[in-house]
>>> print(open('coords_17.cif').read())   # mmCIF, C-alpha atoms
data_entry
#
loop_
_atom_site.label_atom_id
_atom_site.label_comp_id
_atom_site.auth_asym_id
_atom_site.auth_seq_id
_atom_site.Cartn_x
_atom_site.Cartn_y
_atom_site.Cartn_z
CA MET U 59 93.35 73.14 84.39
CA THR U 60 92.33 76.80 84.31
CA LEU U 61 92.48 79.05 81.23
CA GLY U 62 90.99 82.51 81.03
CA GLY U 63 89.35 81.96 84.41
CA PHE U 64 87.63 78.74 83.23
CA SER U 65 88.20 75.09 84.05
CA VAL U 66 89.02 73.00 80.97
CA GLU U 67 88.84 69.24 80.45
CA PRO U 68 92.37 67.78 80.79
CA ASP U 69 92.08 65.87 77.48
CA GLY U 70 90.95 68.99 75.59
CA ARG U 71 88.11 67.08 73.93
CA ILE U 72 84.98 69.14 73.38
CA ASP U 73 81.93 66.90 73.06
CA THR U 74 79.07 68.59 74.94
CA ARG U 75 77.25 71.88 74.52
CA GLU U 76 78.63 73.14 77.83
CA GLU U 77 82.20 72.43 76.81
CA LEU U 78 81.66 74.10 73.44
CA LEU U 79 80.30 77.21 75.16
CA LEU U 80 83.28 77.14 77.51
CA ALA U 81 85.71 77.00 74.60
CA LEU U 82 83.87 79.83 72.82
CA ALA U 83 84.09 81.98 75.97
CA ILE U 84 87.84 81.36 76.11
CA ALA U 85 88.09 82.27 72.42
CA ALA U 86 86.12 85.47 73.05
CA GLU U 87 88.53 86.48 75.82
CA LEU U 88 91.46 85.72 73.54
CA GLU U 89 90.10 87.77 70.65
CA HIS U 90 89.21 90.64 72.98
CA SER U 91 92.67 90.55 74.56
CA LEU U 92 94.45 90.48 71.19
CA LEU U 93 92.29 93.31 69.88
CA VAL U 94 93.14 95.55 72.83
CA GLN U 95 96.86 94.83 72.66
CA TYR U 96 97.00 95.62 68.93
CA LEU U 97 95.05 98.85 69.45
CA PHE U 98 97.28 100.01 72.32
CA THR U 99 100.42 99.47 70.25
CA ALA U 100 98.92 101.23 67.22
CA TYR U 101 97.77 104.19 69.34
CA SER U 102 101.32 104.63 70.69
CA MET U 103 102.82 105.42 67.28
CA ARG U 104 104.05 108.86 66.29
CA LYS U 105 102.10 110.91 63.76
CA ARG U 106 104.49 113.82 63.09
CA PRO U 107 108.22 114.24 62.43
CA GLY U 108 110.54 115.08 65.29
CA ASP U 109 112.05 113.31 68.31
CA GLY U 110 113.66 110.46 66.41
CA ILE U 111 111.50 110.31 63.29
CA ASP U 112 111.75 112.24 60.01
CA GLU U 113 109.15 112.97 57.32
CA ARG U 114 109.97 109.88 55.28
CA GLN U 115 109.75 107.68 58.34
CA VAL U 116 106.38 109.18 59.30
CA GLU U 117 104.88 107.65 56.16
CA LEU U 118 106.45 104.29 57.00
CA VAL U 119 105.10 104.44 60.55
CA ARG U 120 101.65 105.39 59.30
CA ASP U 121 101.68 102.34 57.05
CA TRP U 122 102.57 100.11 60.02
CA GLU U 123 99.87 101.76 62.12
CA ALA U 124 97.32 101.16 59.37
CA GLY U 125 98.39 97.52 59.29
CA LEU U 126 97.91 97.13 63.04
CA LEU U 127 94.52 98.84 62.96
CA SER U 128 93.41 96.67 60.06
CA VAL U 129 94.29 93.52 62.00
CA ALA U 130 92.53 94.94 65.07
CA ARG U 131 89.36 95.50 63.03
CA GLU U 132 89.53 91.92 61.85
CA GLU U 133 89.96 90.76 65.46
CA MET U 134 86.76 92.69 66.21
CA VAL U 135 85.02 90.67 63.51
CA HIS U 136 86.53 87.48 64.96
CA LEU U 137 85.14 88.43 68.38
CA ALA U 138 81.78 89.04 66.70
CA THR U 139 81.97 85.64 64.98
CA VAL U 140 82.73 83.81 68.22
CA THR U 141 79.95 85.71 69.99
CA LYS U 142 77.39 84.94 67.27
CA ILE U 143 78.24 81.25 67.35
CA ALA U 144 77.99 81.22 71.16
CA VAL U 145 74.55 82.85 71.02
CA ALA U 146 73.45 80.50 68.21
CA VAL U 147 74.32 77.38 70.22
CA GLY U 148 72.62 78.58 73.39
CA GLY U 149 75.10 80.88 75.10
CA ALA U 150 75.39 84.60 75.79
CA PRO U 151 77.86 87.34 74.81
CA HIS U 152 81.09 87.10 76.82
CA LEU U 153 82.71 90.54 76.79
CA ASN U 154 84.87 90.34 79.91
CA ARG U 155 88.60 89.62 79.83
CA PRO U 156 91.61 89.53 82.19
CA THR U 157 93.16 92.76 83.45
CA PHE U 158 96.56 93.59 81.95
CA PRO U 159 99.28 92.58 82.51
CA GLN U 160 99.11 88.81 82.91
CA PRO U 161 102.20 86.56 82.81
CA ALA U 162 102.37 83.65 80.39
CA GLY U 163 100.62 80.61 81.81
CA ALA U 164 98.57 82.53 84.37
CA VAL U 165 95.59 82.99 82.06
CA PHE U 166 96.65 81.98 78.55
CA PRO U 167 99.78 80.29 77.14
CA PHE U 168 101.32 83.68 76.33
CA GLU U 169 101.85 86.95 78.18
CA LEU U 170 99.17 89.63 78.02
CA ARG U 171 100.47 93.19 78.28
CA LEU U 172 100.10 96.71 76.94
CA ARG U 173 103.32 98.09 75.49
CA ARG U 174 104.24 100.67 72.87
CA PHE U 175 105.21 99.80 69.31
CA GLY U 176 108.63 98.23 68.94
CA ALA U 177 110.51 95.14 67.84
CA ASP U 178 109.64 93.16 70.97
CA GLU U 179 105.91 93.82 70.58
CA ILE U 180 105.80 92.90 66.91
CA ALA U 181 107.69 89.69 67.72
CA ARG U 182 105.02 88.91 70.32
CA PHE U 183 102.27 89.55 67.79
CA VAL U 184 104.01 87.21 65.33
CA ARG U 185 103.99 84.60 68.11
CA PHE U 186 100.25 85.09 68.70
CA GLU U 187 99.39 84.48 65.05
CA THR U 188 101.95 81.80 64.17
CA PRO U 189 100.47 78.88 62.19
CA ALA U 190 100.98 75.58 63.98
CA GLU U 191 102.75 74.10 60.93
CA ALA U 192 105.34 76.90 61.08
CA VAL U 193 106.33 76.04 64.66
CA THR U 194 109.53 74.06 65.12
CA ALA U 195 110.24 71.83 68.09
CA GLU U 196 112.76 74.39 69.30
CA THR U 197 110.10 77.13 69.21
CA ARG U 198 107.59 74.99 71.09
CA GLU U 199 109.96 74.72 74.04
CA LEU U 200 109.56 78.46 74.60
CA ALA U 201 105.82 78.10 75.19
CA PRO U 202 104.37 77.20 78.61
CA ASP U 203 103.30 73.59 79.04
CA VAL U 204 99.58 74.05 78.39
CA PRO U 205 98.31 70.83 76.85
CA GLU U 206 94.93 72.21 75.77
CA PHE U 207 96.38 74.71 73.28
CA GLU U 208 99.62 76.57 72.75
CA TYR U 209 98.58 78.50 69.62
CA LEU U 210 95.28 80.06 68.75
CA GLY U 211 94.74 77.85 65.75
CA GLN U 212 94.76 74.78 67.98
CA LEU U 213 91.89 76.14 70.09
CA TYR U 214 89.88 77.10 67.01
CA THR U 215 90.43 73.70 65.42
CA GLN U 216 89.01 72.07 68.56
CA ILE U 217 85.97 74.38 68.37
CA LYS U 218 85.46 73.63 64.69
CA ASP U 219 85.72 69.88 65.31
CA ALA U 220 83.28 70.13 68.22
CA ILE U 221 80.65 71.89 66.11
CA THR U 222 80.99 69.21 63.42
CA LEU U 223 80.80 66.41 66.01
CA LEU U 224 77.77 67.78 67.88
CA ALA U 225 75.87 68.55 64.67
CA ALA U 226 76.55 65.04 63.37
CA GLU U 227 75.41 63.45 66.63
CA HIS U 228 72.36 65.60 67.32
CA GLY U 229 71.55 67.66 64.23
CA ASP U 230 71.44 71.40 63.60
CA ALA U 231 68.02 71.82 65.22
CA TRP U 232 69.46 70.53 68.51
CA LEU U 233 72.68 72.53 68.26
CA LEU U 234 71.37 75.92 67.06
CA VAL U 235 68.92 76.88 69.79
CA GLY U 236 69.64 80.62 69.87
CA PRO U 237 67.30 83.24 68.39
CA GLU U 238 67.20 83.06 64.60
CA GLU U 239 67.19 86.86 64.23
CA LEU U 240 70.68 87.01 65.79
CA ARG U 241 72.29 84.82 63.13
CA GLU U 242 72.41 87.36 60.30
CA VAL U 243 75.44 88.91 58.60
CA ASP U 244 77.18 91.68 60.59
CA ASP U 245 78.55 94.70 58.73
CA TRP U 246 81.58 96.15 60.56
CA GLY U 247 82.54 98.57 57.79
CA LEU U 248 85.58 98.75 55.52
CA ASN U 249 84.56 95.49 53.85
CA HIS U 250 84.61 93.59 57.15
CA GLU U 251 81.59 91.36 57.59
CA GLY U 252 80.69 88.66 60.07
CA ARG U 253 79.27 85.57 58.41
CA ALA U 254 75.66 84.57 58.98
CA ILE U 255 75.48 81.63 61.42
CA ASP U 256 72.40 79.83 60.11
CA SER U 257 73.73 76.26 60.07
CA SER U 258 76.49 74.15 61.58
CA GLU U 259 78.27 74.24 58.22
CA ALA U 260 78.16 78.05 58.25
CA ALA U 261 79.59 78.06 61.80
CA VAL U 262 82.42 75.75 60.73
CA ARG U 263 83.17 77.94 57.69
CA ALA U 264 83.20 81.04 59.91
CA ILE U 265 85.69 79.44 62.30
CA GLN U 266 87.85 78.34 59.36
CA GLU U 267 87.87 81.94 58.11
CA VAL U 268 89.12 83.06 61.52
CA ILE U 269 91.87 80.43 61.35
CA ASP U 270 92.85 81.36 57.79
CA GLU U 271 92.81 85.09 58.46
CA GLY U 272 95.23 84.93 61.33
CA GLU U 273 94.90 82.49 64.16
CA GLY U 274 96.83 79.48 62.92
CA GLY U 275 96.16 79.61 59.18
CA GLU U 276 98.28 77.87 56.60
CA VAL U 277 101.81 79.24 56.24
CA ASP U 278 101.24 80.44 52.67
CA VAL U 279 97.87 82.18 53.23
CA ALA U 280 98.38 85.60 51.64
CA ASN U 281 97.79 88.66 53.82
CA SER U 282 97.14 86.67 57.00
CA HIS U 283 97.77 88.41 60.32
CA TRP U 284 100.95 86.37 60.69
CA GLN U 285 102.22 87.45 57.26
CA ARG U 286 101.38 91.10 57.92
CA PHE U 287 103.16 91.12 61.26
CA LEU U 288 106.17 89.41 59.72
CA ARG U 289 106.31 92.18 57.11
CA ILE U 290 106.19 94.90 59.78
CA GLU U 291 108.84 93.04 61.81
CA ARG U 292 111.13 92.83 58.77
CA GLU U 293 110.66 96.47 57.73
CA LEU U 294 111.14 97.72 61.29
CA ALA U 295 114.40 95.77 61.61
CA GLU U 296 115.67 97.17 58.29
CA GLU U 297 114.80 100.76 59.20
CA SER U 298 116.31 100.45 62.68
CA ARG U 299 119.57 99.05 61.31
CA GLY U 300 119.91 101.93 58.86
CA HIS U 301 118.84 104.62 61.35
CA PRO U 302 119.91 103.78 64.94
CA GLY U 303 118.05 106.80 66.40
CA PHE U 304 114.71 105.80 64.87
CA GLU U 305 111.83 106.17 67.40
CA PRO U 306 108.52 105.19 65.77
CA ALA U 307 106.48 105.33 68.98
CA HIS U 308 105.85 107.80 71.77
CA PRO U 309 107.56 106.87 75.07
CA VAL U 310 104.33 105.35 76.40
CA VAL U 311 104.56 103.54 79.73
CA ASP U 312 103.95 99.81 79.92
CA ASN U 313 100.60 98.56 81.22
CA PRO U 314 99.10 101.90 82.39
CA VAL U 315 96.44 101.51 85.09
CA THR U 316 94.19 103.79 87.12
CA ARG U 317 93.59 101.16 89.81
CA PRO U 318 96.26 99.06 91.56
CA HIS U 319 97.19 95.92 89.66
CA PRO U 320 100.38 93.81 89.84
CA GLY U 321 102.78 94.90 87.13
CA GLY U 322 100.75 97.97 86.20
CA THR U 323 102.09 101.52 85.90
CA ALA U 324 99.90 103.81 87.99
CA LEU U 325 98.71 106.97 86.24
CA THR U 326 98.21 110.09 88.31
CA ALA U 327 96.82 113.63 88.03
CA THR U 328 95.51 114.64 84.60
CA ALA U 329 96.65 111.41 82.95
CA ARG U 330 94.53 109.42 85.37
CA GLU U 331 91.46 111.61 84.75
CA VAL U 332 91.70 111.20 80.98
CA ALA U 333 92.40 107.48 81.35
CA GLU U 334 89.33 107.08 83.55
CA LEU U 335 87.27 108.79 80.86
CA PHE U 336 88.68 106.35 78.30
CA ASN U 337 87.87 103.36 80.51
CA HIS U 338 84.33 104.66 81.09
CA LEU U 339 83.75 105.04 77.35
CA TYR U 340 85.35 101.67 76.57
CA SER U 341 83.02 99.92 79.03
CA THR U 342 80.06 101.83 77.57
CA VAL U 343 80.89 100.58 74.07
CA LEU U 344 81.10 97.03 75.43
CA LEU U 345 77.63 97.46 76.93
CA VAL U 346 76.32 98.64 73.55
CA LEU U 347 77.84 95.57 71.89
CA GLY U 348 76.32 93.34 74.56
CA GLN U 349 72.90 94.86 73.96
CA TYR U 350 73.30 94.28 70.23
CA TYR U 351 74.13 90.59 70.69
CA ALA U 352 71.70 89.88 73.56
CA PRO U 353 68.53 91.86 72.87
CA ALA U 354 65.68 91.79 75.38
CA GLY U 355 62.96 93.13 73.11
CA GLU U 356 64.94 95.64 71.01
CA SER U 357 63.70 95.73 67.41
CA PRO U 358 65.91 94.73 64.45
CA GLU U 359 66.17 98.42 63.52
CA GLN U 360 67.30 99.33 67.03
CA ARG U 361 69.87 96.55 66.99
CA GLU U 362 71.21 97.67 63.62
CA GLU U 363 71.70 101.20 64.92
CA LEU U 364 73.29 99.97 68.15
CA GLN U 365 75.85 98.07 66.12
CA ALA U 366 76.53 101.10 63.89
CA THR U 367 76.86 103.36 66.94
CA ALA U 368 79.37 101.03 68.57
CA ARG U 369 81.38 100.79 65.34
CA ARG U 370 81.54 104.56 64.84
CA SER U 371 82.41 105.28 68.47
CA MET U 372 85.55 103.17 68.24
CA SER U 373 87.17 105.49 65.71
CA ALA U 374 85.41 108.75 66.58
CA ILE U 375 85.64 108.60 70.39
CA LEU U 376 87.90 105.85 71.77
CA ARG U 377 90.79 106.41 69.38
CA PRO U 378 90.98 110.20 69.88
CA VAL U 379 90.96 109.82 73.69
CA ALA U 380 93.70 107.18 73.45
CA GLU U 381 95.79 109.49 71.27
CA VAL U 382 95.29 112.36 73.71
CA LEU U 383 96.74 110.16 76.45
CA THR U 384 99.96 109.59 74.46
CA GLY U 385 100.49 113.37 74.57
CA ILE U 386 100.25 113.62 78.37
CA GLU U 387 103.55 113.22 80.18
CA VAL U 388 103.76 111.22 83.37
CA HIS U 389 106.53 111.94 85.83
CA GLY U 390 108.76 109.67 87.80
CA GLY U 391 111.94 107.71 87.26
CA GLY U 392 113.83 110.64 85.79
CA THR U 393 112.92 109.90 82.17
CA ARG U 394 110.27 111.33 79.87
CA ALA U 395 107.27 109.05 79.59
CA CYS U 396 103.71 109.36 78.32
CA ALA U 397 100.40 107.89 79.33
CA GLY U 398 98.36 105.39 77.36
CA ALA U 399 94.86 103.92 77.26
CA PRO U 400 94.50 101.33 80.06
CA PHE U 401 91.47 99.45 78.65
CA GLU U 402 90.37 98.72 82.23
CA THR U 403 86.89 97.69 83.25
CA TYR U 404 85.96 98.51 86.84
CA ALA U 405 83.23 95.87 87.07
CA PRO U 406 82.11 92.88 85.01
CA ILE U 407 80.31 93.80 81.79
CA ALA U 408 76.73 92.82 82.65
CA LEU U 409 73.55 94.03 80.97
CA PRO U 410 70.32 95.07 82.71
CA SER U 411 67.51 92.64 81.96
CA THR U 412 65.05 95.09 80.35
CA PRO U 413 65.40 97.53 77.44
CA ALA U 414 64.17 100.45 79.57
CA ALA U 415 66.92 99.87 82.12
CA ARG U 416 69.50 99.43 79.37
CA TRP U 417 68.62 102.74 77.69
CA ALA U 418 68.67 104.49 81.07
CA VAL U 419 72.12 103.11 81.97
CA LEU U 420 73.60 104.01 78.57
CA GLY U 421 72.13 107.51 78.71
CA GLU U 422 73.47 108.16 82.21
CA ARG U 423 76.92 106.85 81.31
CA LEU U 424 77.14 109.08 78.24
CA ASP U 425 75.86 112.11 80.16
CA ARG U 426 78.62 111.61 82.72
CA ALA U 427 81.22 111.10 79.99
CA GLN U 428 80.19 114.27 78.19
CA ALA U 429 80.36 116.27 81.43
CA ALA U 430 83.84 114.89 82.16
CA ALA U 431 85.04 115.74 78.64
CA GLN U 432 83.66 119.26 79.02
CA GLN U 433 85.56 119.76 82.26
CA LEU U 434 88.78 118.53 80.67
CA ALA U 435 88.17 120.82 77.68
CA GLU U 436 87.77 123.82 79.99
CA ARG U 437 91.20 123.00 81.41
CA GLY U 438 92.71 123.12 77.93
CA ILE U 439 93.20 119.40 77.31
CA GLU U 440 93.87 118.89 73.60
CA ARG U 441 90.99 117.65 71.40
CA MET U 442 88.53 117.40 74.30
CA PRO U 443 86.00 119.82 72.70
CA PHE U 444 85.90 117.56 69.62
CA ILE U 445 85.67 114.42 71.77
CA GLY U 446 82.92 115.94 73.92
CA GLU U 447 80.95 116.84 70.79
CA ASN U 448 81.18 113.27 69.54
CA ILE U 449 80.10 111.89 72.92
CA GLY U 450 77.12 114.22 72.72
CA LEU U 451 76.25 112.94 69.24
CA MET U 452 76.47 109.39 70.52
CA ARG U 453 74.18 110.34 73.42
CA GLU U 454 71.65 111.81 70.97
CA ALA U 455 71.80 108.67 68.83
CA ILE U 456 71.14 106.43 71.83
CA GLY U 457 68.16 108.60 72.76
CA ARG U 458 66.69 108.31 69.28
CA ILE U 459 67.32 104.56 69.13
CA ALA U 460 65.61 104.10 72.48
CA ALA U 461 62.60 106.11 71.30
CA GLY U 462 62.44 104.20 68.01
CA GLU U 463 62.71 107.47 66.09
CA GLY U 464 64.67 108.27 62.93
CA VAL U 465 68.18 107.21 63.81
CA GLY U 466 71.61 107.82 62.37
CA VAL U 467 71.01 111.54 61.74
CA ALA U 468 73.73 113.10 63.92
CA ARG U 469 76.75 110.82 63.78
CA PRO U 470 80.14 111.28 65.46
CA ARG U 471 82.79 112.92 63.32
CA VAL U 472 85.99 110.97 62.77
#
>>> encode(input="coords_17.cif", output="structure tokens")
Amino acid sequence: MTLGGFSVEPDGRIDTREELLLALAIAAELEHSLLVQYLFTAYSMRKRPGDGIDERQVELVRDWEAGLLSVAREEMVHLATVTKIAVAVGGAPHLNRPTFPQPAGAVFPFELRLRRFGADEIARFVRFETPAEAVTAETRELAPDVPEFEYLGQLYTQIKDAITLLAAEHGDAWLLVGPEELREVDDWGLNHEGRAIDSSEAAVRAIQEVIDEGEGGEVDVANSHWQRFLRIERELAEESRGHPGFEPAHPVVDNPVTRPHPGGTALTATAREVAELFNHLYSTVLLVLGQYYAPAGESPEQREELQATARRSMSAILRPVAEVLTGIEVHGGGTRACAGAPFETYAPIALPSTPAARWAVLGERLDRAQAAAQQLAERGIERMPFIGENIGLMREAIGRIAAGEGVGVARPRV
């Protein structure tokens, strides 16, 4: 059977290091895919009254957006947790994922797509995070016949059981062969931390936290992803019933792409240029994260600043570019529609083998991004001067980190 581009044992049993690393890579693709879908939907939401939304509803929509972004941040920590465990047990960061859209069963048991905020999307998100014990037999029939896992919690339970089994059979010294300096706590801001992976017990606890926080936790776990999405689903239904013209999201196209892909909506002209800038920056952030988790001689101080730079760039650079895209109209089909952030990668995320090459690649990528933002700013594209300034600050930070100088002085503005 194939899931996420990987072959999986038909019985689903994970009892070797290779199979554990395989399952962790699948989990990384899942977390990455969920993260991107939640971000796309959050970025599509309206920020000001008008066109189907009044001042009172703006506050309601902002609360829903904050909820989606909070879950997305936690998915980032989940991705970090899976990555840290993979590195600890002898693997490498896996930051690639399938291109959107993907039908249910082609890659994972559920559809992967980018679509604006609405009742259908929130229902899908509820499905992603549903605890196994909340699933009825009738609901299960809706899922593709994928015996390995139908819900995220099932995959994570297999990973947790595998860690326990392998540690019991071989011991922690055999299992945890990755660099010790990569097992520390990760600070992702806003009280989001990745647990230190310094023992098999710590790895099991970290996976259980992922399960409890969203992916298959107990039904009554307060503030789980599932509970939060259920709340948004309920409030959206109530508001829509009382106000039939309610439009909480911009008319963003489904699955925007800059390169041909089955089921994608091709962006053209200015929308494509801005989307290509977004994709370039998104891939650059992934490279920074890869360098943080797979150092090749970078010092602990350099790694700490790489992680901080990646974290800040998500809110200070990626989010503003994504929001700019929702303000650019695309034409065709006779209806008003807006662009969105495609989250495409044009090549596999692969790191150079030496720090010197890594710094050179990051510097060149940010130089190109800053030049592209400057050109778009000169053409009057909204917020591009601000975005270009933040790209420049990120470029300066990377230069200082590479040189081992005082870092964190000029930080992007949110």
>>> residues_around(input="coords_17.cif", residues="U:Thr342", least_positions_apart="5", cutoff="8 Å", atoms="all atoms listed in the file", output="list in words")
Leu420, Arg423 and Leu424 of chain U
>>> closest_residue(input="coords_17.cif", among="U:Phe183, U:Tyr340, U:Tyr350, U:Trp122", to="U:Leu409", atoms="all atoms listed in the file")
U:Tyr350
>>> closest_residue(input="coords_17.cif", among="U:Pro189, U:Pro309, U:Gly252, U:Gly385", to="U:Ser282", atoms="all atoms listed in the file")
U:Pro189
>>> resolve_selection(input="coords_17.cif", expression="the PyMOL selection byres ((chain U and resi 359-363) around 8)", output="PyMOL selection string")
chain U and resi 349-350+353+356-358+364-367+459-460+462+465-466
>>> write_last_selection(input="coords_17.cif", atoms="C-alpha atoms", output="mmCIF file, in the frame of the given file")
data_model
loop_
_atom_site.group_PDB
_atom_site.id
_atom_site.type_symbol
_atom_site.label_atom_id
_atom_site.label_comp_id
_atom_site.auth_asym_id
_atom_site.auth_seq_id
_atom_site.Cartn_x
_atom_site.Cartn_y
_atom_site.Cartn_z
ATOM 1 C CA GLN U 349 72.900 94.860 73.960
ATOM 2 C CA TYR U 350 73.300 94.280 70.230
ATOM 3 C CA PRO U 353 68.530 91.860 72.870
ATOM 4 C CA GLU U 356 64.940 95.640 71.010
ATOM 5 C CA SER U 357 63.700 95.730 67.410
ATOM 6 C CA PRO U 358 65.910 94.730 64.450
ATOM 7 C CA LEU U 364 73.290 99.970 68.150
ATOM 8 C CA GLN U 365 75.850 98.070 66.120
ATOM 9 C CA ALA U 366 76.530 101.100 63.890
ATOM 10 C CA THR U 367 76.860 103.360 66.940
ATOM 11 C CA ILE U 459 67.320 104.560 69.130
ATOM 12 C CA ALA U 460 65.610 104.100 72.480
ATOM 13 C CA GLY U 462 62.440 104.200 68.010
ATOM 14 C CA VAL U 465 68.180 107.210 63.810
ATOM 15 C CA GLY U 466 71.610 107.820 62.370
#
>>> residues_around(input="coords_17.cif", residues="U:Ala231", least_positions_apart="4", cutoff="10 Å", atoms="only C-alpha atoms", output="PyMOL selection string")
chain U and resi 147+225+235+257-258
>>> closest_residue(input="coords_17.cif", among="U:Leu233, U:Met103, U:Ala435, U:Ala427", to="U:Ala146", atoms="all atoms listed in the file")
U:Leu233
>>> residues_near_point(input="coords_17.cif", point="(79.1, 113.5, 78.9)", cutoff="10 Å", atoms="all atoms listed in the file", output="MDAnalysis selection string")
chainID U and resid 335 339 421:433 445:450 452:453
>>> atom_distance(input="coords_17.cif", atom1="atom CA of U:Met442", atom2="atom CA of U:Glu331")
12.3 Å
>>> resolve_selection(input="coords_17.cif", expression="the PyMOL selection byres ((chain U and resi 97-101) around 6)", output="list in words")
Val94, Gln95, Tyr96, Ser102, Met103, Glu123, Leu126, Arg174, Phe175 and Glu381 of chain U
>>> residues_around(input="coords_17.cif", residues="U:Ile265", least_positions_apart="2", cutoff="10 Å", atoms="only C-alpha atoms", output="PyMOL selection string")
chain U and resi 136+139-140+143+211+214-215+217-218+221+253+259-263+267-271+273
>>> resolve_selection(input="coords_17.cif", expression="the PyMOL selection byres ((chain U and resi 288-295) around 8)", output="list of chain:residue names")
U:Trp122, U:Ala177, U:Ile180, U:Ala181, U:Val184, U:Trp284, U:Gln285, U:Arg286, U:Phe287, U:Glu296, U:Glu297, U:Ser298, U:Arg299
>>> atom_distance(input="coords_17.cif", atom1="atom CA of U:Asn337", atom2="atom CA of U:Glu169")
21.7 Å
>>> closest_residue(input="coords_17.cif", among="U:Tyr404, U:Leu213, U:Ala352, U:His283", to="U:Arg71", atoms="all atoms listed in the file")
U:Leu213
>>> atom_distance(input="coords_17.cif", atom1="atom CA of U:Val343", atom2="atom CA of U:Ser91")
15.5 Å
>>> closest_residue(input="coords_17.cif", among="U:Leu240, U:Leu137, U:Leu172, U:Ala408", to="U:Ile255", atoms="only C-alpha atoms")
U:Leu240
>>> closest_residue(input="coords_17.cif", among="U:Ala130, U:Leu79, U:Ala374, U:Val311", to="U:Thr393", atoms="only C-alpha atoms")
U:Val311
>>> residues_near_point(input="coords_17.cif", point="(84.5, 89.6, 65.7)", cutoff="12 Å", atoms="only C-alpha atoms", output="PyMOL selection string")
chain U and resi 85-90+92-93+129-144+151-153+243-246+250-253+264-265+267-268+271+347+351+369
>>> residues_around(input="coords_17.cif", residues="U:Ile72", least_positions_apart="4", cutoff="9 Å", atoms="all atoms listed in the file", output="short mmCIF file (atom, residue, chain, number, x, y, z; two decimals) with C-alpha atoms, in the frame of the given file")
data_model
loop_
_atom_site.label_atom_id
_atom_site.label_comp_id
_atom_site.auth_asym_id
_atom_site.auth_seq_id
_atom_site.Cartn_x
_atom_site.Cartn_y
_atom_site.Cartn_z
CA GLU U 67 88.84 69.24 80.45
CA GLU U 76 78.63 73.14 77.83
CA GLU U 77 82.20 72.43 76.81
CA LEU U 78 81.66 74.10 73.44
CA ALA U 81 85.71 77.00 74.60
CA GLN U 216 89.01 72.07 68.56
CA ILE U 217 85.97 74.38 68.37
CA ASP U 219 85.72 69.88 65.31
CA ALA U 220 83.28 70.13 68.22
CA ILE U 221 80.65 71.89 66.11
CA LEU U 223 80.80 66.41 66.01
#
>>> residues_around(input="coords_17.cif", residues="U:Gly322", least_positions_apart="2", cutoff="8 Å", atoms="all atoms listed in the file", output="ChimeraX atom specification")
/U:158-159,312-315,318-320,324
